[in-house]
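The file data-v8.cif comes next; it holds mmCIF, C-alpha atoms (C1' of nucleotides).
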```
data_query
#
loop_
_atom_site.label_atom_id
_atom_site.label_comp_id
_atom_site.auth_asym_id
_atom_site.auth_seq_id
_atom_site.Cartn_x
_atom_site.Cartn_y
_atom_site.Cartn_z
CA MET A 148 88.89 90.14 78.30
CA PRO A 149 91.87 88.83 76.40
CA THR A 150 93.43 85.37 76.72
CA PRO A 151 91.46 83.61 79.46
CA ALA A 152 93.13 84.17 82.81
CA LYS A 153 94.53 81.06 84.45
CA THR A 154 94.87 82.83 87.75
CA SER A 155 94.23 86.13 89.49
CA GLN A 156 95.88 88.60 91.81
CA ALA A 157 93.95 87.20 94.76
CA ALA A 158 94.87 83.61 93.94
CA LEU A 159 98.54 84.51 93.57
CA ALA A 160 98.49 86.40 96.86
CA ALA A 161 96.95 83.38 98.58
CA ILE A 162 99.66 81.12 97.21
CA ALA A 163 102.31 83.61 98.32
CA ARG A 164 100.86 83.59 101.82
CA GLU A 165 100.90 79.81 102.00
CA LEU A 166 104.56 79.78 100.99
CA VAL A 167 105.49 82.40 103.58
CA GLU A 168 103.53 80.69 106.34
CA ALA A 169 104.97 77.30 105.53
CA SER A 170 108.61 78.18 105.05
CA GLY A 171 109.28 81.86 105.71
CA PRO A 172 109.71 84.91 103.48
CA ASP A 173 112.69 83.46 101.60
CA ALA A 174 110.43 80.71 100.29
CA LEU A 175 108.37 83.34 98.54
CA THR A 176 110.02 83.18 95.13
CA VAL A 177 108.40 84.32 91.91
CA GLY A 178 109.04 80.91 90.42
CA ALA A 179 107.43 78.99 93.26
CA VAL A 180 104.30 81.13 93.19
CA ALA A 181 104.03 80.95 89.42
CA GLN A 182 104.49 77.20 89.37
CA ARG A 183 101.76 76.65 91.93
CA ALA A 184 99.45 78.92 89.98
CA GLY A 185 100.12 76.98 86.78
CA ILE A 186 101.80 79.85 84.94
CA LYS A 187 105.36 80.76 84.05
CA PRO A 188 107.35 83.22 86.18
CA PRO A 189 107.29 86.12 83.69
CA SER A 190 103.50 85.97 83.53
CA LEU A 191 103.30 86.74 87.23
CA TYR A 192 104.59 90.22 86.49
CA LYS A 193 101.29 90.96 84.75
CA HIS A 194 99.64 90.78 88.19
CA PHE A 195 102.32 92.10 90.54
CA VAL A 196 104.99 94.59 89.62
CA ASP A 197 107.69 92.67 91.47
CA ARG A 198 108.37 90.20 94.24
CA SER A 199 108.14 92.85 96.96
CA ALA A 200 104.59 93.65 95.85
CA LEU A 201 103.71 90.02 96.50
CA LEU A 202 105.26 90.20 99.95
CA LYS A 203 103.43 93.42 100.63
CA ALA A 204 100.13 91.79 99.71
CA VAL A 205 100.91 89.02 102.18
CA GLU A 206 101.75 91.51 104.91
CA ILE A 207 98.51 93.42 104.44
CA ASP A 208 96.57 90.18 104.39
CA VAL A 209 98.15 89.10 107.66
CA LEU A 210 97.44 92.44 109.32
CA HIS A 211 93.78 92.14 108.39
CA GLU A 212 93.70 88.64 109.76
CA LEU A 213 95.27 89.87 112.99
CA GLU A 214 92.58 92.50 113.33
CA ALA A 215 89.85 89.88 112.91
CA HIS A 216 91.62 87.56 115.34
CA LEU A 217 91.85 90.23 118.02
CA ARG A 218 88.17 91.06 117.68
CA ARG A 219 87.10 87.43 117.77
CA GLU A 220 89.17 86.31 120.73
CA THR A 221 88.44 89.14 123.10
CA LYS A 222 86.10 88.01 125.84
CA GLY A 223 85.88 88.95 129.47
CA ALA A 224 83.69 90.43 132.15
CA ASP A 225 85.57 93.61 132.98
CA HIS A 226 87.79 95.78 130.85
CA LYS A 227 91.03 94.55 132.35
CA SER A 228 90.23 90.92 131.65
CA ARG A 229 89.23 91.86 128.12
CA LEU A 230 92.56 93.63 127.63
CA LYS A 231 94.34 90.56 128.96
CA ALA A 232 92.36 88.33 126.65
CA MET A 233 93.34 90.54 123.73
CA ALA A 234 97.00 90.44 124.70
CA ARG A 235 96.90 86.65 125.00
CA ALA A 236 95.14 86.43 121.65
CA TYR A 237 97.89 88.60 120.14
CA ARG A 238 100.58 86.29 121.48
CA ARG A 239 98.70 83.21 120.30
CA PHE A 240 98.41 84.73 116.84
CA GLY A 241 102.19 84.92 116.70
CA THR A 242 103.16 81.66 118.32
CA THR A 243 100.72 79.47 116.40
CA ALA A 244 102.15 80.60 113.05
CA PRO A 245 105.61 82.14 113.52
CA ASN A 246 106.34 82.73 109.86
CA ARG A 247 103.01 84.43 109.44
CA TYR A 248 103.75 86.73 112.35
CA ARG A 249 107.28 87.56 111.29
CA VAL A 250 106.13 89.55 108.26
CA ILE A 251 104.66 92.14 110.63
CA TYR A 252 106.96 95.11 111.33
CA SER A 253 109.61 93.45 109.18
CA GLY A 254 111.71 95.96 107.30
CA ASN A 255 111.05 99.66 107.38
CA ALA A 256 108.28 99.51 104.83
CA PHE A 257 105.88 101.48 106.99
CA ILE A 258 106.33 104.51 104.83
CA ASP A 259 104.20 102.59 102.35
CA PRO A 260 100.69 104.06 102.67
CA GLU A 261 98.87 100.76 102.18
CA ILE A 262 100.88 99.00 104.86
CA ARG A 263 100.44 102.00 107.14
CA GLU A 264 96.72 101.76 106.70
CA ALA A 265 96.60 98.01 107.31
CA CYS A 266 98.78 98.48 110.36
CA LEU A 267 96.47 101.10 111.73
CA TYR A 268 93.49 98.89 110.99
CA SER A 269 95.01 96.05 113.01
CA ALA A 270 95.52 98.41 115.95
CA GLN A 271 91.89 99.49 116.09
CA PRO A 272 90.64 96.70 118.39
CA LEU A 273 93.14 97.73 121.05
CA PHE A 274 92.34 101.43 120.72
CA GLU A 275 88.64 100.70 121.04
CA GLU A 276 89.17 98.51 124.07
CA LEU A 277 91.32 101.15 125.76
CA ARG A 278 88.68 103.79 125.08
CA ALA A 279 85.97 101.50 126.42
CA ALA A 280 88.09 101.01 129.53
CA GLY A 281 87.84 104.72 130.12
CA ILE A 282 91.45 105.61 129.37
CA ALA A 283 91.85 109.33 128.70
CA GLU A 284 92.21 110.06 125.01
CA GLN A 285 95.68 111.59 125.38
CA ARG A 286 96.91 108.51 127.23
CA ILE A 287 95.76 105.99 124.64
CA LEU A 288 98.78 106.51 122.40
CA PRO A 289 101.43 106.22 125.14
CA VAL A 290 99.67 103.23 126.65
CA SER A 291 99.47 101.50 123.26
CA ARG A 292 103.12 102.28 122.76
CA THR A 293 103.92 100.45 125.94
CA LEU A 294 101.72 97.42 125.45
CA VAL A 295 102.19 96.77 121.72
CA PRO A 296 106.01 96.95 121.79
CA PHE A 297 105.97 94.54 124.73
CA LEU A 298 103.69 92.15 122.87
CA HIS A 299 105.62 92.41 119.63
CA GLY A 300 108.98 92.07 121.31
CA PHE A 301 107.81 89.15 123.40
CA VAL A 302 106.38 87.27 120.44
CA ILE A 303 109.40 87.92 118.22
CA MET A 304 111.75 86.74 120.95
CA GLU A 305 109.61 83.73 121.80
CA ILE A 306 109.27 82.47 118.22
CA GLY A 307 112.97 83.17 117.72
CA SER A 308 113.82 80.95 120.69
CA ALA A 309 115.46 83.89 122.40
CA PHE A 310 114.16 82.90 125.82
CA ASN A 311 116.77 80.27 126.44
CA LEU A 312 117.43 80.51 130.13
CA GLY A 313 114.69 78.15 131.17
CA GLY A 314 111.89 79.30 133.42
CA ASP A 315 108.21 79.42 132.65
CA ILE A 316 107.52 81.52 129.56
CA GLU A 317 103.77 81.55 130.19
CA GLU A 318 104.41 82.95 133.64
CA ALA A 319 106.82 85.54 132.28
CA PHE A 320 104.20 86.71 129.80
CA GLU A 321 101.54 86.98 132.48
CA THR A 322 103.93 88.85 134.76
CA GLY A 323 104.82 91.32 132.04
CA LEU A 324 101.23 91.80 131.04
CA GLU A 325 100.15 92.31 134.64
CA THR A 326 102.96 94.82 135.21
CA ILE A 327 102.01 96.87 132.19
CA LEU A 328 98.27 96.75 132.77
CA ALA A 329 98.81 97.78 136.38
CA GLY A 330 100.10 101.08 135.07
CA VAL A 331 97.02 101.63 132.95
CA MET B 258 152.70 79.01 105.51
CA PRO B 259 151.83 78.81 101.85
CA THR B 260 150.67 81.74 99.71
CA PRO B 261 150.60 84.71 102.07
CA ALA B 262 147.05 85.54 103.12
CA LYS B 263 145.67 88.75 101.67
CA THR B 264 143.01 88.96 104.31
CA SER B 265 141.73 87.26 107.45
CA GLN B 266 138.53 86.09 109.06
CA ALA B 267 138.47 89.16 111.31
CA ALA B 268 139.02 91.55 108.41
CA LEU B 269 136.28 89.90 106.38
CA ALA B 270 133.89 90.03 109.32
CA ALA B 271 134.63 93.72 109.79
CA ILE B 272 133.87 94.39 106.14
CA ALA B 273 130.67 92.38 106.40
CA ARG B 274 129.61 94.47 109.37
CA GLU B 275 130.24 97.70 107.55
CA LEU B 276 128.11 96.52 104.66
CA VAL B 277 125.26 95.49 106.94
CA GLU B 278 125.39 98.70 108.94
CA ALA B 279 125.48 100.86 105.84
CA SER B 280 122.84 99.17 103.73
CA GLY B 281 121.18 96.30 105.58
CA PRO B 282 121.60 92.52 105.52
CA ASP B 283 120.83 92.23 101.81
CA ALA B 284 123.90 94.29 101.06
CA LEU B 285 126.01 91.58 102.64
CA THR B 286 126.92 89.66 99.51
CA VAL B 287 129.90 87.38 99.20
CA GLY B 288 131.03 89.33 96.16
CA ALA B 289 130.90 92.69 97.89
CA VAL B 290 132.87 91.46 100.88
CA ALA B 291 135.44 89.73 98.72
CA GLN B 292 135.89 92.77 96.50
CA ARG B 293 136.50 95.05 99.47
CA ALA B 294 138.99 92.56 100.88
CA GLY B 295 140.87 92.41 97.58
CA ILE B 296 140.12 88.77 96.88
CA LYS B 297 137.75 86.89 94.60
CA PRO B 298 134.41 85.59 95.88
CA PRO B 299 135.34 81.87 95.88
CA SER B 300 138.40 82.59 98.01
CA LEU B 301 136.17 83.86 100.77
CA TYR B 302 134.92 80.32 101.31
CA LYS B 303 138.31 79.40 102.73
CA HIS B 304 137.51 81.69 105.67
CA PHE B 305 133.76 81.28 106.07
CA VAL B 306 131.79 78.20 105.15
CA ASP B 307 128.99 80.25 103.60
CA ARG B 308 127.25 83.61 103.60
CA SER B 309 125.21 82.82 106.70
CA ALA B 310 128.42 82.28 108.64
CA LEU B 311 129.42 85.83 107.72
CA LEU B 312 126.07 87.14 108.90
CA LYS B 313 126.39 85.15 112.09
CA ALA B 314 129.78 86.69 112.75
CA VAL B 315 128.23 90.12 112.32
CA GLU B 316 125.40 89.29 114.71
CA ILE B 317 127.77 88.06 117.39
CA ASP B 318 129.95 91.12 116.90
CA VAL B 319 126.94 93.40 117.33
CA LEU B 320 125.80 91.61 120.47
CA HIS B 321 129.23 92.09 122.01
CA GLU B 322 129.16 95.73 121.10
CA LEU B 323 125.72 96.06 122.68
CA GLU B 324 127.05 94.59 125.89
CA ALA B 325 129.91 97.08 125.97
CA HIS B 326 127.54 99.92 125.13
CA LEU B 327 125.19 99.03 127.98
CA ARG B 328 128.06 98.89 130.46
CA ARG B 329 129.54 102.18 129.31
CA GLU B 330 126.37 104.24 129.21
CA THR B 331 124.91 103.22 132.54
CA LYS B 332 125.24 106.04 135.04
CA GLY B 333 122.98 107.17 137.83
CA ALA B 334 122.74 107.73 141.55
CA ASP B 335 120.16 105.14 142.53
CA HIS B 336 119.35 101.80 141.01
CA LYS B 337 116.20 102.96 139.29
CA SER B 338 117.94 105.79 137.49
CA ARG B 339 120.69 103.38 136.46
CA LEU B 340 118.10 100.99 135.03
CA LYS B 341 116.52 103.90 133.17
CA ALA B 342 119.89 104.96 131.83
CA MET B 343 120.49 101.43 130.62
CA ALA B 344 117.13 101.29 128.91
CA ARG B 345 117.76 104.63 127.22
CA ALA B 346 121.20 103.42 126.16
CA TYR B 347 119.60 100.30 124.69
CA ARG B 348 117.18 102.38 122.65
CA ARG B 349 119.94 104.72 121.52
CA PHE B 350 121.99 101.72 120.40
CA GLY B 351 119.15 100.75 118.09
CA THR B 352 118.07 104.13 116.79
CA THR B 353 121.54 105.44 116.01
CA ALA B 354 122.28 102.48 113.72
CA PRO B 355 119.04 100.77 112.66
CA ASN B 356 120.63 98.26 110.32
CA ARG B 357 123.08 97.26 112.99
CA TYR B 358 120.27 96.69 115.47
CA ARG B 359 118.06 94.77 113.07
CA VAL B 360 120.38 91.78 112.99
CA ILE B 361 119.54 91.12 116.65
CA TYR B 362 116.77 88.56 117.19
CA SER B 363 116.36 88.32 113.42
CA GLY B 364 115.39 84.86 112.30
CA ASN B 365 115.12 81.92 114.65
CA ALA B 366 118.82 81.27 114.73
CA PHE B 367 118.96 81.24 118.52
CA ILE B 368 119.35 77.53 118.52
CA ASP B 369 122.89 78.24 117.34
CA PRO B 370 125.08 77.87 120.44
CA GLU B 371 127.44 80.73 119.56
CA ILE B 372 124.60 83.17 119.03
CA ARG B 373 122.95 81.94 122.21
CA GLU B 374 126.12 82.63 124.11
CA ALA B 375 126.57 86.10 122.64
CA CYS B 376 122.93 86.85 123.36
CA LEU B 377 123.36 85.81 126.96
CA TYR B 378 126.52 87.86 127.20
CA SER B 379 124.69 90.97 126.03
CA ALA B 380 122.02 90.43 128.68
CA GLN B 381 124.52 90.30 131.55
CA PRO B 382 124.61 94.06 132.27
CA LEU B 383 120.87 94.09 132.86
CA PHE B 384 120.95 91.00 135.05
CA GLU B 385 123.73 92.49 137.14
CA GLU B 386 121.90 95.76 137.50
CA LEU B 387 118.70 94.00 138.56
CA ARG B 388 120.61 91.97 141.13
CA ALA B 389 122.30 95.11 142.41
CA ALA B 390 118.89 96.70 142.73
CA GLY B 391 117.96 93.97 145.15
CA ILE B 392 115.49 92.12 142.96
CA ALA B 393 114.86 88.60 144.21
CA GLU B 394 116.70 86.03 142.14
CA GLN B 395 113.54 84.26 141.00
CA ARG B 396 112.06 87.54 139.79
CA ILE B 397 115.02 88.53 137.65
CA LEU B 398 114.00 86.34 134.71
CA PRO B 399 110.33 87.47 134.58
CA VAL B 400 111.36 91.09 135.03
CA SER B 401 113.93 90.84 132.23
CA ARG B 402 111.30 89.19 130.10
CA THR B 403 109.09 92.21 130.58
CA LEU B 404 111.69 94.91 130.06
CA VAL B 405 113.73 93.44 127.21
CA PRO B 406 110.74 92.58 125.00
CA PHE B 407 109.44 96.11 125.56
CA LEU B 408 112.80 97.59 124.60
CA HIS B 409 113.26 95.32 121.61
CA GLY B 410 109.72 95.81 120.37
CA PHE B 411 109.91 99.56 120.84
CA VAL B 412 113.19 99.87 118.97
CA ILE B 413 112.10 97.59 116.13
CA MET B 414 108.87 99.52 115.73
CA GLU B 415 110.59 102.89 115.99
CA ILE B 416 113.28 102.15 113.41
CA GLY B 417 110.61 100.60 111.21
CA SER B 418 108.59 103.82 111.32
CA ALA B 419 105.70 101.92 112.86
CA PHE B 420 104.80 104.77 115.19
CA ASN B 421 102.96 106.76 112.60
CA LEU B 422 100.13 108.33 114.54
CA GLY B 423 102.07 111.36 115.62
CA GLY B 424 102.61 112.12 119.26
CA ASP B 425 105.87 112.36 121.14
CA ILE B 426 107.85 109.16 120.80
CA GLU B 427 110.34 110.20 123.49
CA GLU B 428 107.46 110.68 125.88
CA ALA B 429 105.93 107.32 124.92
CA PHE B 430 109.23 105.59 125.64
CA GLU B 431 109.57 107.28 129.01
CA THR B 432 105.99 106.42 129.88
CA GLY B 433 106.47 102.79 128.98
CA LEU B 434 109.74 102.58 130.83
CA GLU B 435 108.25 104.22 133.92
CA THR B 436 105.26 101.87 133.82
CA ILE B 437 107.43 98.78 133.66
CA LEU B 438 109.97 99.92 136.24
CA ALA B 439 107.14 100.82 138.61
CA GLY B 440 106.29 97.14 138.72
CA VAL B 441 109.86 96.18 139.63
"C1'" DA C 276 161.70 68.24 96.19
"C1'" DA C 277 157.39 67.60 98.71
"C1'" DT C 278 153.79 69.40 101.18
"C1'" DT C 279 150.44 72.76 102.49
"C1'" DC C 280 146.93 75.93 101.83
"C1'" DA C 281 145.23 80.75 100.35
"C1'" DT C 282 144.08 82.36 96.09
"C1'" DG C 283 142.45 82.18 91.32
"C1'" DT C 284 139.75 80.52 87.01
"C1'" DA C 285 135.82 78.52 85.25
"C1'" DG C 286 131.43 77.26 85.69
"C1'" DC C 287 126.72 75.62 87.70
"C1'" DC C 288 122.25 76.70 89.45
"C1'" DA C 289 118.61 79.53 91.46
"C1'" DT C 290 116.29 83.75 91.27
"C1'" DG C 291 114.58 88.33 89.91
"C1'" DA C 292 113.49 90.87 86.06
"C1'" DT C 293 112.71 92.58 81.10
"C1'" DA C 294 111.75 92.45 75.97
"C1'" DG C 295 109.03 91.12 72.63
"C1'" DC C 296 105.74 87.83 70.54
"C1'" DT C 297 101.23 85.21 70.56
"C1'" DA C 298 96.61 84.34 71.42
"C1'" DT C 299 91.96 85.50 72.53
"C1'" DA C 300 87.88 87.89 74.34
"C1'" DT C 301 85.58 92.02 74.04
"C1'" DA C 302 84.02 96.54 71.75
"C1'" DC C 303 82.63 98.78 68.05
"C1'" DA C 304 81.89 100.03 63.33
"C1'" DT C 305 80.17 98.48 59.21
"C1'" DA D 123 75.93 89.30 61.48
"C1'" DT D 124 80.63 90.22 60.43
"C1'" DG D 125 85.06 91.98 60.50
"C1'" DT D 126 88.61 94.79 62.65
"C1'" DA D 127 90.94 97.07 66.48
"C1'" DT D 128 92.33 96.84 71.13
"C1'" DA D 129 93.56 95.25 75.46
"C1'" DT D 130 95.79 91.95 78.05
"C1'" DA D 131 97.22 87.18 80.03
"C1'" DG D 132 100.36 84.13 78.84
"C1'" DC D 133 104.61 82.48 76.53
"C1'" DT D 134 109.75 81.95 74.97
"C1'" DA D 135 114.07 83.84 75.25
"C1'" DT D 136 117.35 86.36 77.56
"C1'" DC D 137 120.05 88.86 81.03
"C1'" DA D 138 122.15 90.06 85.59
"C1'" DT D 139 123.22 88.86 90.04
"C1'" DG D 140 124.45 86.02 93.70
"C1'" DG D 141 125.70 81.71 96.25
"C1'" DC D 142 128.50 78.00 95.75
"C1'" DT D 143 131.74 74.05 93.96
"C1'" DA D 144 135.55 71.73 91.41
"C1'" DC D 145 139.82 72.10 90.29
"C1'" DA D 146 144.20 74.31 89.13
"C1'" DT D 147 148.06 77.43 90.69
"C1'" DG D 148 151.71 79.09 93.18
"C1'" DA D 149 154.35 80.65 97.27
"C1'" DA D 150 156.34 79.39 101.71
"C1'" DT D 151 157.57 75.93 105.04
"C1'" DT D 152 159.74 71.43 105.72
#
```
Structure re-expressed in structure tokens:
Amino acid sequence: MPTPAKTSQAALAAIARELVEASGPDALTVGAVAQRAGIKPPSLYKHFVDRSALLKAVEIDVLHELEAHLRRETKGADHKSRLKAMARAYRRFGTTAPNRYRVIYSGNAFIDPEIREACLYSAQPLFEELRAAGIAEQRILPVSRTLVPFLHGFVIMEIGSAFNLGGDIEEAFETGLETILAGV
Amino acid sequence: MPTPAKTSQAALAAIARELVEASGPDALTVGAVAQRAGIKPPSLYKHFVDRSALLKAVEIDVLHELEAHLRRETKGADHKSRLKAMARAYRRFGTTAPNRYRVIYSGNAFIDPEIREACLYSAQPLFEELRAAGIAEQRILPVSRTLVPFLHGFVIMEIGSAFNLGGDIEEAFETGLETILAGV
DNA sequence: AATTCATGTAGCCATGATAGCTATATACAT
DNA sequence: ATGTATATAGCTATCATGGCTACATGAATT
């Protein structure tokens, strides 16, 4: 090893995540990360090729956390209540930390193989639950592509204050969830 | 009038929109807009207070266009087929111009009264169609909050290449739409 | 002539990024 | 053991771009 390292890729990624969570993606500047890590901005480029690589690391990190969250929070007697619990956990994941959630599906970076993989990984809990519920294999994809868009759209709109016509948002979520699960 | 104006707020907004549509929000720079309008960057600040005001103008413009698009493309014999046509038109609006669509619900700028208003305006066609379909007034909000999040989430995921497990995306959309409308 | 206001010039600051140098821990040959 | 080569984390310096401000300019209305 040359010149003792003051920081590491993992430490820098953690700092980047904190910045994004606290103040959104725009707060993730090379300078801010470097400063918090006790190094100068140019030195950061020895660990990440550019700013977008930092953001990518954050996104992958968040997707892994989502996967763990969905596994942890899924309880219930029957399959339907477990699916509901998972959906509610998904929404909670987004609403409790909006800036953290917003990095998911942001941009069209899904051509990136690493993000693709992390994305797939985060979808596994739902796939497994649908299989366990006895959904036919060829219906799992269409069903996921009904439920996940609803969840994502709902969370994005909710944390963006797009539901501004009053009414009970909890109730709306339950109604939507019930409607979709009824068709499953 | 002093010094004849070389450009106008409307012209600048139109240029801004073209830039966003062509290359995404990051392409909307004060310099690029000014150059295309034949003025220098600082002069632009006499028409818009800052860059975000330009972006806001674009967002409002897009929402109005969405409203018009939904009204124009909605045909069908019965109410259900009209709702389906509207949903398909919504998706087409997003997929035919991804960068244009992405400005919708981006950020949490919905506290802004003008964006709120434009957002509401764009939702009118759906509300009217739901009312015409005989949906009870108190169910219109929950139903909208099931359908619109699904549509938004689906479009965002589709234009972000997030459906990367193969399968027929058209079919998935139709399945989801059918599932949701069945519960209406 | 005075006023008004869109435009222009000049410049500041933040940020992303690169070039090239320095310093040091390890590997290996002597 | 000792010295040399190498790899690499960090640094200073520098550049380009972009948002934005202060202030001057100049044409048209009054």
Take the PyMOL selection byres ((chain D and resi 148) around 9), apply it to the structure above, and return the hits as a CSV table (one decimal) with C-alpha atoms (C1' of nucleotides), keeping the file's coordinate frame.
```
chain,number,residue,atom,x,y,z
B,259,PRO,CA,151.8,78.8,101.8
B,260,THR,CA,150.7,81.7,99.7
C,282,DT,C1',144.1,82.4,96.1
D,147,DT,C1',148.1,77.4,90.7
D,149,DA,C1',154.4,80.6,97.3
```
Please provide as a compact mmCIF listing (two decimals) with C-alpha atoms, in the coordinates of the input all residues within 7 Å of segment 423-439 of chain B, with the sequence filter that same-chain residues fewer than 5 positions apart are discarded (counting only C-alpha atoms (C1' of nucleotides)).
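And here is the file that came out, part.txt:
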```
# COMPACT_ATOMS: atom_id res chain seq x y z
CA PRO A 289 101.43 106.22 125.14
CA ARG A 292 103.12 102.28 122.76
CA THR A 293 103.92 100.45 125.94
CA THR A 326 102.96 94.82 135.21
CA ILE A 327 102.01 96.87 132.19
CA GLY A 330 100.10 101.08 135.07
CA LEU B 404 111.69 94.91 130.06
```
Hey, which bits of chain D sit within 9 Å of chain B, and for each residue what's the closest pair of atoms and how far apart in Å (one decimal), counting all atoms listed in the file, rows by chain and increasing number, as a Markdown table?
```
| residue | atom | partner | partner_atom | distance |
| --- | --- | --- | --- | --- |
| D:DG140 | C1' | B:Thr286 | CA | 7.3 |
| D:DG141 | C1' | B:Val287 | CA | 7.6 |
| D:DC142 | C1' | B:Pro299 | CA | 7.9 |
| D:DT143 | C1' | B:Pro299 | CA | 8.8 |
| D:DG148 | C1' | B:Thr260 | CA | 7.1 |
| D:DA149 | C1' | B:Thr260 | CA | 4.5 |
| D:DA150 | C1' | B:Pro259 | CA | 4.5 |
| D:DT151 | C1' | B:Met258 | CA | 5.8 |
```
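Checking B:Ala375, B:Leu301, B:Leu276, B:Ala267 one by one against chain C, counting only C-alpha atoms (C1' of nucleotides), you find the shortest gap at B:Leu301.
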Practice item. For atom CA of Ser190 of chain A and atom C1' of DA300 of chain C, determine how far apart the two atoms are, in Å to one decimal place. Key: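 For atom CA of Ser190 of chain A relative to atom C1' of DA300 of chain C, the distance reads 18.2 Å.
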Specify the axis-aligned box that encloses all atoms of segment 133-149 of chain D listed in the file after padding of 3 Å on each side, stating its centre and edge lengths in Å to one decimal as AutoDock Vina command-line options.
```
--center_x 129.5 --center_y 80.9 --center_z 86.1 --size_x 55.7 --size_y 24.3 --size_z 28.3
```
Practice item. May I ask you to extract the residues of chain C within 8 Å of chain A, using only C-alpha atoms (C1' of nucleotides), and to give them as number ranges by chain? Key: C: 290-291, 298-301
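What separates atom CA of Lys303 of chain B from atom CA of Ile372 of chain B is a distance of 21.6 Å.
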Practice item. Please measure the separation of atom CA of Leu273 of chain A and atom CA of Ala236 of chain A, giving the value in Å to one decimal. Key: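 So the answer is 11.5 Å.
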Review point. Hey, which of B:Ala291, B:Gly391, B:Cys376, B:Glu385 ends up closest to chain A? Count all atoms listed in the file.
Key: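 Closest residue, counting all atoms listed in the file: B:Cys376.
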Check your understanding: For Ile306 of chain A, which residue out of A:Tyr268, A:Pro245, A:Ser291, A:Gln285 is the nearest one, using only C-alpha atoms?
Key ->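 Nearest to Ile306 of chain A: A:Pro245.
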